[in-house]
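For reference, data_29.cif is printed below; it contains mmCIF, C-alpha atoms.
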```
data_final
#
loop_
_atom_site.label_atom_id
_atom_site.label_comp_id
_atom_site.auth_asym_id
_atom_site.auth_seq_id
_atom_site.Cartn_x
_atom_site.Cartn_y
_atom_site.Cartn_z
CA MET A 112 191.84 108.79 17.92
CA GLY A 113 188.63 108.10 16.04
CA VAL A 114 190.50 106.46 13.16
CA GLU A 115 192.50 104.32 15.56
CA ILE A 116 189.42 103.05 17.40
CA GLY A 117 187.61 102.38 14.14
CA ALA A 118 190.48 100.25 12.90
CA LEU A 119 190.71 98.45 16.21
CA ARG A 120 187.04 97.50 15.94
CA ARG A 121 187.76 95.69 12.69
CA LEU A 122 190.88 93.91 13.93
CA CYS A 123 189.84 93.10 17.50
CA LYS A 124 188.08 89.88 16.51
CA ALA A 125 190.73 89.00 13.93
CA MET A 126 193.30 88.61 16.67
CA PHE A 127 191.15 87.28 19.52
CA PRO A 128 187.71 86.22 18.21
CA ALA A 129 186.88 84.31 21.39
CA ILE A 130 187.19 87.41 23.57
CA PRO A 131 184.29 89.90 23.73
CA CYS A 132 185.15 93.33 22.41
CA ALA A 133 183.02 96.11 23.84
CA MET A 134 183.90 98.34 20.90
CA ASP A 135 181.80 96.19 18.59
CA GLU A 136 178.10 96.87 18.15
CA LYS A 137 177.83 93.54 16.32
CA GLN A 138 180.04 90.54 15.73
CA ILE A 139 182.56 91.00 12.88
CA ALA A 140 183.89 87.93 11.08
CA PRO A 141 187.70 87.78 11.34
CA PRO A 142 189.64 87.88 8.05
CA ARG A 143 190.92 84.30 8.07
CA THR A 144 192.90 84.16 4.83
CA VAL A 145 195.72 81.65 5.50
CA GLY A 146 195.23 77.99 4.53
CA PHE A 147 197.31 74.92 5.41
CA TRP A 148 200.21 75.58 3.05
CA GLY A 149 200.52 79.17 4.22
CA THR A 150 200.36 77.90 7.80
CA ALA A 151 203.15 75.41 7.13
CA LEU A 152 205.46 78.18 5.93
CA PHE A 153 205.81 79.45 9.50
CA PRO A 154 207.35 76.36 11.16
CA VAL A 155 209.41 75.57 8.05
CA ASN A 156 211.01 78.99 8.06
CA GLY A 157 211.20 79.07 11.85
CA MET A 158 213.34 75.93 11.89
CA ILE A 159 215.32 76.39 8.67
CA GLY A 160 217.47 79.49 8.93
CA ALA A 161 221.23 79.87 9.16
CA GLY A 162 221.85 76.55 10.91
CA ILE A 163 221.38 74.28 7.91
CA PHE A 164 224.34 75.96 6.16
CA ALA A 165 226.73 75.66 9.12
CA MET A 166 225.51 72.39 10.63
CA PRO A 167 226.89 69.85 8.13
CA ALA A 168 230.57 70.68 8.61
CA ILE A 169 230.29 71.03 12.38
CA LEU A 170 228.45 67.74 12.88
CA VAL A 171 230.67 65.82 10.46
CA ALA A 172 233.74 67.09 12.29
CA ALA A 173 232.23 65.92 15.58
CA VAL A 174 230.67 62.54 14.71
CA GLY A 175 231.78 61.69 11.17
CA ASP A 176 229.47 59.63 8.97
CA PHE A 177 226.94 59.38 11.80
CA ALA A 178 226.11 63.09 11.34
CA PRO A 179 222.87 62.59 9.33
CA PHE A 180 221.55 60.26 12.00
CA MET A 181 222.36 62.81 14.70
CA MET A 182 219.72 65.01 13.06
CA LEU A 183 217.27 62.13 13.28
CA LEU A 184 218.03 61.85 17.00
CA GLY A 185 217.62 65.63 17.28
CA GLY A 186 214.19 65.45 15.67
CA LEU A 187 213.17 62.70 18.08
CA LEU A 188 214.48 64.75 21.02
CA PHE A 189 212.41 67.71 19.86
CA LEU A 190 209.26 65.69 19.14
CA PRO A 191 207.82 65.95 22.70
CA LEU A 192 207.98 69.75 22.56
CA ILE A 193 206.34 69.77 19.12
CA LEU A 194 203.55 67.51 20.38
CA VAL A 195 202.94 69.74 23.40
CA PHE A 196 202.46 72.76 21.16
CA ALA A 197 200.30 70.75 18.73
CA TRP A 198 197.97 69.65 21.54
CA LEU A 199 197.81 73.17 22.92
CA ALA A 200 197.14 74.66 19.47
CA ALA A 201 194.21 72.26 19.00
CA ARG A 202 192.51 73.94 21.99
CA PHE A 203 192.63 77.53 20.67
CA ASP A 204 191.48 79.13 17.42
CA HIS A 205 192.77 82.66 17.91
CA SER A 206 196.14 84.43 17.87
CA GLY A 207 198.62 84.60 20.70
CA GLY A 208 200.14 81.13 21.03
CA PRO A 209 202.16 80.86 24.28
CA VAL A 210 200.49 84.03 25.64
CA LEU A 211 197.12 82.29 25.57
CA TYR A 212 198.47 79.00 26.91
CA GLY A 213 200.25 80.62 29.85
CA GLU A 214 197.34 82.93 30.70
CA ALA A 215 194.71 80.20 30.51
CA ALA A 216 196.72 77.95 32.84
CA PHE A 217 198.42 80.36 35.25
CA GLY A 218 196.90 83.81 34.84
CA LYS A 219 197.59 87.02 32.98
CA PHE A 220 201.06 87.80 34.35
CA ILE A 221 202.55 84.39 33.47
CA GLY A 222 200.90 84.54 30.05
CA PHE A 223 202.56 87.89 29.50
CA GLN A 224 205.98 86.50 30.44
CA ALA A 225 205.60 83.65 27.96
CA GLY A 226 204.78 86.08 25.17
CA TRP A 227 207.35 88.70 26.12
CA ALA A 228 210.14 86.10 26.29
CA ARG A 229 209.27 84.88 22.79
CA TYR A 230 209.08 88.43 21.46
CA ALA A 231 212.42 89.55 22.96
CA SER A 232 214.13 86.38 21.79
CA SER A 233 212.93 86.93 18.23
CA ILE A 234 214.12 90.54 18.09
CA VAL A 235 217.60 89.48 19.19
CA THR A 236 217.62 86.57 16.75
CA VAL A 237 216.53 88.61 13.74
CA ALA A 238 219.45 90.97 14.34
CA ALA A 239 221.95 88.13 14.71
CA ASN A 240 220.64 86.30 11.62
CA THR A 241 220.80 89.45 9.52
CA HIS A 242 224.50 89.75 10.34
CA VAL A 243 225.00 86.18 9.12
CA MET A 244 223.02 86.99 5.98
CA VAL A 245 225.27 89.97 5.25
CA THR A 246 228.33 87.75 5.77
CA TYR A 247 227.11 85.38 3.06
CA LEU A 248 226.30 88.25 0.72
CA ALA A 249 229.79 89.62 1.29
CA ALA A 250 231.12 86.56 -0.55
CA MET A 251 229.63 88.11 -3.71
CA PHE A 252 229.94 91.76 -2.68
CA PRO A 253 233.14 92.16 -0.59
CA VAL A 254 232.35 95.82 0.09
CA LEU A 255 229.76 94.62 2.62
CA ASP A 256 232.61 93.55 4.92
CA GLU A 257 233.38 97.21 5.62
CA PRO A 258 231.87 98.27 8.99
CA VAL A 259 229.84 101.20 7.65
CA MET A 260 228.51 99.21 4.70
CA ARG A 261 227.69 96.26 6.99
CA ALA A 262 225.71 98.51 9.33
CA GLY A 263 223.89 100.00 6.34
CA ALA A 264 223.10 96.55 4.92
CA VAL A 265 221.74 95.28 8.26
CA THR A 266 219.55 98.36 8.61
CA THR A 267 218.30 98.14 5.01
CA ILE A 268 217.45 94.42 5.15
CA ILE A 269 215.52 94.62 8.42
CA GLY A 270 213.86 97.85 7.28
CA LEU A 271 212.75 96.27 4.00
CA LEU A 272 211.27 93.21 5.70
CA THR A 273 209.44 95.51 8.11
CA ALA A 274 208.05 97.65 5.28
CA ILE A 275 206.70 94.63 3.37
CA ASN A 276 204.99 93.40 6.52
CA LEU A 277 203.14 96.70 6.96
CA PHE A 278 201.01 96.10 3.86
CA GLY A 279 198.95 93.14 5.07
CA MET A 280 199.06 89.41 5.85
CA ARG A 281 198.22 88.24 2.32
CA LYS A 282 201.17 90.11 0.76
CA SER A 283 203.42 88.90 3.57
CA ILE A 284 202.50 85.24 3.02
CA GLY A 285 203.12 85.60 -0.72
CA THR A 286 206.57 87.07 -0.11
CA LEU A 287 207.38 84.36 2.43
CA GLY A 288 206.38 81.64 -0.02
CA MET A 289 208.69 83.08 -2.70
CA MET A 290 211.61 83.32 -0.27
CA THR A 291 211.02 79.73 0.90
CA THR A 292 211.22 78.45 -2.67
CA LEU A 293 214.42 80.37 -3.36
CA LYS A 294 216.13 78.92 -0.29
CA LEU A 295 215.02 75.30 -0.69
CA ALA A 296 215.59 74.87 -4.44
CA PRO A 297 219.43 75.17 -4.33
CA LEU A 298 219.56 72.72 -1.41
CA ALA A 299 217.52 70.22 -3.44
CA LEU A 300 219.92 70.70 -6.36
CA LEU A 301 222.89 70.02 -4.08
CA VAL A 302 221.35 66.77 -2.85
CA ILE A 303 220.63 65.59 -6.41
CA ALA A 304 224.06 66.64 -7.71
CA ALA A 305 225.85 64.92 -4.83
CA LEU A 306 223.96 61.70 -5.58
CA PHE A 307 225.30 61.61 -9.16
CA ALA A 308 228.63 63.41 -8.87
CA GLY A 309 229.73 62.93 -5.27
CA GLN A 310 232.96 61.04 -4.64
CA GLY A 311 232.50 60.25 -0.94
CA ASP A 312 231.71 56.84 0.53
CA VAL A 313 229.21 57.24 3.37
CA LYS A 314 229.02 54.38 5.84
CA LEU A 315 226.89 53.93 8.93
CA ALA A 316 229.28 53.90 11.87
CA LEU A 317 228.66 54.73 15.50
CA PRO A 318 230.66 57.82 16.52
CA GLU A 319 233.08 58.35 19.36
CA PHE A 320 231.64 61.41 21.10
CA SER A 321 234.28 63.86 22.25
CA ASP A 322 231.67 66.20 23.72
CA ALA A 323 228.24 64.56 23.64
CA GLU A 324 226.39 67.46 25.25
CA THR A 325 227.65 69.98 22.69
CA VAL A 326 226.56 67.78 19.78
CA ILE A 327 223.10 67.11 21.22
CA LEU A 328 222.62 70.80 22.02
CA LEU A 329 223.51 71.64 18.44
CA THR A 330 220.87 69.32 17.04
CA TYR A 331 218.32 70.67 19.53
CA TYR A 332 218.93 74.27 18.49
CA ALA A 333 218.45 73.35 14.83
CA PHE A 334 214.71 72.91 15.36
CA MET A 335 213.94 75.97 17.46
CA GLY A 336 211.55 78.56 16.01
CA PHE A 337 208.67 76.21 15.12
CA GLU A 338 206.30 77.90 17.58
CA SER A 339 205.92 81.02 15.44
CA VAL A 340 203.04 79.24 13.65
CA THR A 341 200.85 79.50 16.77
CA LEU A 342 201.13 83.29 17.06
CA PRO A 343 198.93 84.46 14.09
CA ALA A 344 196.41 81.59 14.36
CA GLY A 345 193.51 84.07 14.34
CA GLU A 346 194.21 84.78 10.65
CA MET A 347 194.19 81.10 9.64
CA ARG A 348 191.11 79.40 8.18
CA LYS A 349 191.19 76.25 10.33
CA PRO A 350 193.82 76.79 13.02
CA LYS A 351 192.73 73.95 15.31
CA ARG A 352 193.34 71.51 12.46
CA ASP A 353 196.08 73.18 10.40
CA VAL A 354 198.47 74.33 13.15
CA PRO A 355 198.90 70.90 14.82
CA LEU A 356 199.15 69.19 11.42
CA ALA A 357 201.72 71.75 10.20
CA LEU A 358 203.82 71.32 13.36
CA VAL A 359 204.07 67.53 13.13
CA THR A 360 204.52 67.25 9.36
CA THR A 361 207.10 70.02 9.10
CA LEU A 362 209.18 68.52 11.93
CA ALA A 363 209.37 65.30 9.90
CA ALA A 364 210.11 67.20 6.67
CA VAL A 365 212.77 69.44 8.22
CA THR A 366 214.47 66.46 9.90
CA LEU A 367 214.60 64.66 6.54
CA LEU A 368 215.94 67.77 4.80
CA TYR A 369 218.73 68.18 7.36
CA MET A 370 219.67 64.52 6.96
CA LEU A 371 219.74 64.76 3.15
CA VAL A 372 221.81 67.96 3.12
CA ILE A 373 224.40 66.51 5.53
CA TRP A 374 224.48 63.29 3.53
CA ALA A 375 225.05 65.33 0.34
CA TYR A 376 227.87 67.21 2.09
CA LEU A 377 229.54 63.92 3.02
CA LEU A 378 229.32 62.71 -0.58
CA ALA A 379 230.54 65.96 -2.12
CA ALA A 380 233.29 67.06 0.27
CA PRO A 381 234.36 64.17 2.51
CA GLY A 382 237.67 65.80 3.39
CA ALA A 383 236.40 69.31 4.17
CA GLY A 384 237.17 70.85 7.54
CA ASN A 385 234.97 72.51 10.15
CA ASP A 386 234.22 75.63 8.12
CA GLY A 387 231.06 77.73 8.37
CA ASN A 388 231.10 78.11 4.56
CA ALA A 389 231.93 74.47 3.87
CA LEU A 390 228.56 73.83 2.24
CA VAL A 391 229.50 76.36 -0.43
CA GLY A 392 232.68 74.37 -1.09
CA ALA A 393 230.71 71.14 -1.32
CA ALA A 394 228.34 72.67 -3.87
CA GLU A 395 231.30 73.91 -5.90
CA GLU A 396 232.74 70.38 -5.97
CA VAL A 397 229.67 68.88 -7.62
CA MET A 398 228.14 71.85 -9.49
CA GLY A 399 231.02 74.25 -10.11
CA GLN A 400 230.85 78.01 -9.60
CA PHE A 401 227.14 78.00 -10.31
CA GLY A 402 226.61 75.66 -7.38
CA ALA A 403 228.63 77.83 -5.02
CA PHE A 404 226.69 80.91 -6.12
CA ALA A 405 223.38 79.08 -5.70
CA ILE A 406 224.20 78.08 -2.11
CA VAL A 407 225.20 81.65 -1.23
CA VAL A 408 221.85 82.85 -2.60
CA ALA A 409 220.05 80.05 -0.75
CA ALA A 410 221.76 81.01 2.51
CA ALA A 411 220.78 84.65 2.10
CA PHE A 412 217.14 83.83 1.37
CA SER A 413 217.03 81.14 4.06
CA ILE A 414 218.09 83.58 6.74
CA GLY A 415 215.88 86.29 5.26
CA ALA A 416 212.81 84.03 5.23
CA ASN A 417 213.53 82.90 8.78
CA SER A 418 213.64 86.53 9.91
CA PHE A 419 210.60 87.51 7.84
CA ALA A 420 208.47 84.72 9.31
CA GLY A 421 209.14 86.16 12.76
CA ALA A 422 208.46 89.67 11.50
CA ILE A 423 204.98 88.54 10.40
CA SER A 424 203.95 86.64 13.51
CA LEU A 425 205.56 88.42 16.48
CA PRO A 426 204.02 91.91 15.96
CA ARG A 427 200.59 90.29 15.80
CA MET A 428 201.26 88.71 19.16
CA THR A 429 202.22 92.03 20.77
CA PHE A 430 199.10 93.60 19.24
CA GLY A 431 197.03 90.93 20.98
CA MET A 432 198.91 91.50 24.25
CA ALA A 433 198.16 95.23 24.08
CA GLU A 434 194.54 94.50 23.23
CA ARG A 435 194.33 92.44 26.43
CA GLY A 436 196.01 95.08 28.59
CA MET A 437 199.36 93.29 28.87
CA LEU A 438 201.31 95.96 26.96
CA PRO A 439 200.78 99.72 26.60
CA ARG A 440 197.96 100.73 24.20
CA TRP A 441 200.51 102.12 21.74
CA PHE A 442 201.20 98.54 20.54
CA ALA A 443 197.51 98.11 19.58
CA TYR A 444 197.36 100.83 16.92
CA VAL A 445 196.10 99.47 13.56
CA HIS A 446 196.71 101.07 10.18
CA PRO A 447 193.29 102.26 8.93
CA ARG A 448 193.89 101.12 5.34
CA TYR A 449 195.98 97.96 5.56
CA LEU A 450 194.51 96.71 8.88
CA THR A 451 197.96 95.68 10.10
CA PRO A 452 199.25 96.20 13.67
CA PHE A 453 201.32 99.16 12.49
CA ASN A 454 203.06 100.18 15.72
CA SER A 455 203.82 96.63 16.77
CA ILE A 456 205.47 95.98 13.40
CA LEU A 457 207.49 99.19 13.65
CA ALA A 458 208.59 98.35 17.20
CA TYR A 459 209.76 94.91 16.09
CA GLY A 460 211.73 96.26 13.12
CA THR A 461 213.25 99.14 15.09
CA GLY A 462 214.33 96.80 17.90
CA GLY A 463 215.96 94.45 15.40
CA ILE A 464 217.88 97.31 13.77
CA LEU A 465 219.10 98.70 17.11
CA PHE A 466 220.29 95.30 18.32
CA GLY A 467 221.89 94.65 14.93
CA LEU A 468 223.96 97.83 15.29
CA TRP A 469 225.03 97.02 18.86
CA GLU A 470 228.61 95.79 19.38
CA GLY A 471 229.15 92.69 21.46
CA PHE A 472 225.99 91.15 20.12
CA ALA A 473 227.13 87.52 20.39
CA VAL A 474 226.23 87.40 24.09
CA LEU A 475 222.75 88.73 23.30
CA ALA A 476 222.27 86.09 20.60
CA ILE A 477 223.00 83.35 23.13
CA ALA A 478 220.65 85.02 25.60
CA GLY A 479 217.99 85.12 22.88
CA THR A 480 217.98 81.33 22.72
CA LEU A 481 217.87 81.11 26.52
CA THR A 482 215.00 83.59 26.61
CA ARG A 483 212.96 81.48 24.22
CA LEU A 484 213.24 78.52 26.58
CA VAL A 485 211.13 80.50 29.08
CA THR A 486 208.29 80.31 26.55
CA TYR A 487 208.80 76.56 26.12
CA LEU A 488 208.82 75.87 29.87
CA ILE A 489 205.60 77.81 30.51
CA SER A 490 203.83 76.10 27.60
CA CYS A 491 204.93 72.63 28.71
CA ALA A 492 203.64 73.29 32.23
CA ALA A 493 200.35 74.70 30.87
CA LEU A 494 199.20 71.59 28.98
CA PRO A 495 198.58 69.22 31.94
CA VAL A 496 197.11 72.06 34.01
CA LEU A 497 194.55 72.92 31.32
CA GLU A 498 193.65 69.28 30.69
CA ARG A 499 193.18 68.58 34.39
CA ARG A 500 191.04 71.70 34.81
CA ASP A 501 188.81 70.54 31.96
CA GLY A 502 188.50 67.05 33.46
CA ALA A 503 190.29 65.55 30.45
CA SER A 504 193.65 64.47 31.92
CA ASN A 505 195.68 62.34 29.54
CA ALA A 506 198.54 60.18 30.86
CA LEU A 507 200.38 60.21 27.52
CA HIS A 508 200.14 64.00 27.26
CA LEU A 509 201.47 64.34 30.82
CA VAL A 510 204.49 62.11 30.14
CA VAL A 511 205.29 63.96 26.89
CA ALA A 512 204.94 67.36 28.60
CA LEU A 513 207.31 66.25 31.37
CA LEU A 514 209.86 65.05 28.80
CA ALA A 515 209.65 68.36 26.92
CA PHE A 516 209.94 70.34 30.15
CA GLY A 517 212.95 68.33 31.28
CA SER A 518 214.80 68.68 27.98
CA SER A 519 214.24 72.46 28.02
CA VAL A 520 215.58 72.73 31.57
CA TRP A 521 218.62 70.68 30.57
CA VAL A 522 219.35 72.97 27.62
CA ALA A 523 218.91 76.10 29.78
CA SER A 524 221.34 74.73 32.38
CA HIS A 525 224.21 75.19 29.91
CA ALA A 526 223.83 78.99 29.67
CA ASP A 527 226.63 81.15 31.06
CA MET A 528 226.27 83.97 33.59
CA LYS A 529 226.30 86.75 30.96
CA ALA A 530 223.38 85.19 29.15
CA LEU A 531 221.49 84.79 32.43
CA LEU A 532 222.06 88.47 33.28
CA VAL A 533 220.72 89.55 29.88
CA LEU A 534 217.72 87.27 30.39
CA GLY A 535 217.09 88.95 33.75
CA GLY A 536 217.25 92.39 32.12
CA ILE A 537 214.76 91.36 29.43
CA ILE A 538 212.32 90.01 32.02
CA VAL A 539 212.61 93.14 34.19
CA GLY A 540 212.08 95.44 31.18
CA GLY A 541 209.02 93.52 30.06
CA THR A 542 207.58 93.50 33.57
CA LEU A 543 207.85 97.30 33.73
CA LEU A 544 205.87 97.57 30.47
CA TYR A 545 203.29 95.17 31.90
CA PHE A 546 202.66 97.34 34.94
CA ILE A 547 202.57 100.51 32.80
CA ALA A 548 199.83 98.87 30.75
CA ALA A 549 197.98 97.85 33.92
CA ARG A 550 197.69 101.53 34.92
CA GLN A 551 196.18 102.58 31.58
CA GLN A 552 192.46 102.76 30.92
CA PRO A 553 191.34 99.66 28.98
CA LEU A 554 190.74 100.18 25.26
CA GLU A 555 187.13 99.06 25.58
CA GLU A 556 186.41 101.81 28.11
CA THR A 557 188.23 104.38 25.95
CA ALA A 558 186.06 103.41 22.97
CA GLY A 559 182.89 103.77 25.00
#
```

As structure tokens - that is how I would like this structure written.
Amino acid sequence: MGVEIGALRRLCKAMFPAIPCAMDEKQIAPPRTVGFWGTALFPVNGMIGAGIFAMPAILVAAVGDFAPFMMLLGGLLFLPLILVFAWLAARFDHSGGPVLYGEAAFGKFIGFQAGWARYASSIVTVAANTHVMVTYLAAMFPVLDEPVMRAGAVTTIIGLLTAINLFGMRKSIGTLGMMTTLKLAPLALLVIAALFAGQGDVKLALPEFSDAETVILLTYYAFMGFESVTLPAGEMRKPKRDVPLALVTTLAAVTLLYMLVIWAYLLAAPGAGNDGNALVGAAEEVMGQFGAFAIVVAAAFSIGANSFAGAISLPRMTFGMAERGMLPRWFAYVHPRYLTPFNSILAYGTGGILFGLWEGFAVLAIAGTLTRLVTYLISCAALPVLERRDGASNALHLVVALLAFGSSVWVASHADMKALLVLGGIIVGGTLLYFIAARQQPLEETAG
């Protein structure tokens, strides 16, 4: 226990520097090692995952040549939510994100629910995305389509990402940067190749919506995951400046990237059908077999980087929740050498593997998206409450928060009963852990 407490002393302020830690005999400077570009990797990889490889064909089939502009509308629809998180992030300089926002506005229990919903959603999503990643890899290695090999591949991929994350934030950021480059470079090549070799004729024409809600929902989902940047803010050099700036700039950059990729798809493969692998076919049209191979690699690394970004940020949030008595103390154990939240990282990776091996996972993946909306709703409600409490009410902020809240409610209203039941189970399970933690002796008292 002595080693555990000693490590906790060093990491307590790294996660929550604004909160007194009775274990410290003197103030310890937190290891803030992540600059702006490292900060920006989180929202980029949160938003760009599997969707960018499936979205072009689906949107083109639905709205034709208007598809790139649907992504522009999607970015504008998502902007209020981005702004809410940017304004909230500018108020806090330590880790936790939605946990801190919910707790500061509504108390500890609501703050816990905001964090637990985000955590559970990410575990479900990392399992679902890994299955998609294996599907792309199976295009090069057909043996991965066999059930036993697929299960082994899912376990190995999630296990590897977990292991890398155990060795420290600096190594994790370096790995994430490499994966981001490997996923974006082939997409840039596709856009350039389509410009010079594409045969399509793209015109601006208003679409005839056959199912407007489905199309708008699709564009909304494309941007989810941005909020992961707020979770490890305590390890960033200037979080109050860098996190809001990263949120706004990466929304613009990701919107532009989606538009360019869909535009390239229209130029390269104007007659392609609604196929989840259609982007591979488009790349083959303008770059040959090399292009197809490059897009498969890009898809694998895109999904892997998306999952890895969550694997970095979410365990640090559960560490902070345990440190504050919201989760059992087990989640607060820190590795004495690497100073990483060891048990929280292991719990995240193990949960992802178990869900990835569970049959009937599609329902859970849908519920994962629904669960994340709980985090969004609490955060949107928190902003005007905090500003009013501080005597700094802002009419523009209130209007934007209401717009973001309303759009999240509208999206949640389209969930089916199975997804709602899974959401209920996740909330009940988290609440049980919360009350178990409430019965434990606080870590500060244990250290004394």

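Compared by their closest atoms to Ser519 of chain A, and using all atoms listed in the file, the residues A:Ala250, A:Ile489, A:Val407, A:Ile373 rank with A:Ile489 nearest.
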
Between atom CA of Gly415 of chain A and atom CA of Val195 of chain A, what is the distance, to one decimal in Å? 27.8 Å

Explicit residue set for the PyMOL selection byres ((chain A and resi 238) around 12), as a ChimeraX atom specification: /A:231-237,239-245,262,264-270,414-415,417-419,421-422,459-470,472-473,475-476,479

What do you get, as a PyMOL selection string, if you spell out every residue that the PyMOL selection byres ((chain A and resi 348-356) around 9) selects here? chain A and resi 142-148+150-151+193-194+196-205+340-341+344-347+357-361

Residues selected by the PyMOL selection byres ((chain A and resi 486) around 7), written as number ranges by chain: A: 209, 225-226, 228-229, 483-485, 487-490

Identify, on the basis of all atoms listed in the file, every residue whose closest approach to Gly185 of chain A does not exceed 7 Å; exclude the query and any residue fewer than 2 positions from it along the same chain; express the result as a PyMOL selection string. chain A and resi 181-183+187-189+327+330-331

In terms of the shortest atom-to-atom distance over only C-alpha atoms, which of A:Ser504, A:Val210, A:Leu457, A:Val520 is closest to Leu271 of chain A? A:Leu457

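Distance check against Ala364 of chain A using all atoms listed in the file: of A:Met432, A:Leu170, A:Ala274, A:Leu295, the minimum falls on A:Leu295.
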
Nearest candidate to Leu362 of chain A (options A:Met158, A:Phe516, A:Gly149, A:Pro447; using only C-alpha atoms): A:Met158

Taking all atoms listed in the file into account, which of A:Pro167, A:Gly263, A:Pro191, A:Pro253 comes nearest Pro179 of chain A?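 Going through A:Pro167, A:Gly263, A:Pro191, A:Pro253 one by one, the smallest distance to Pro179 of chain A is for A:Pro167.
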
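When only C-alpha atoms are used to compute distances to Ile159 of chain A, the closest of the residues A:Trp227, A:Phe334, A:Phe177, A:Phe252 turns out to be A:Phe334.
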
Extract, using all atoms listed in the file, all DNA, RNA and protein residues at most 7 Å from Gly207 of chain A, discarding same-chain residues fewer than 5 positions from it, and format them as a VMD selection string. chain A and resid 341 to 343 428 431

How far is it from atom CA of Tyr369 of chain A to atom CA of Ala299 of chain A, in Å with one decimal?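 Atom CA of Tyr369 of chain A sits 11.1 Å away from atom CA of Ala299 of chain A.
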
Can you work out the spacing between atom CA of Leu494 of chain A and atom CA of Glu338 of chain A in Å, to one decimal?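 Calculated distance between atom CA of Leu494 of chain A and atom CA of Glu338 of chain A is 14.8 Å.
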
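A search radius of 7 Å centred on (199.4, 93.2, 9.9), applied to only C-alpha atoms, returns the residues Asn276, Leu277, Phe278, Gly279, Met280, Arg427, Leu450, Thr451, Pro452 and Phe453 of chain A.
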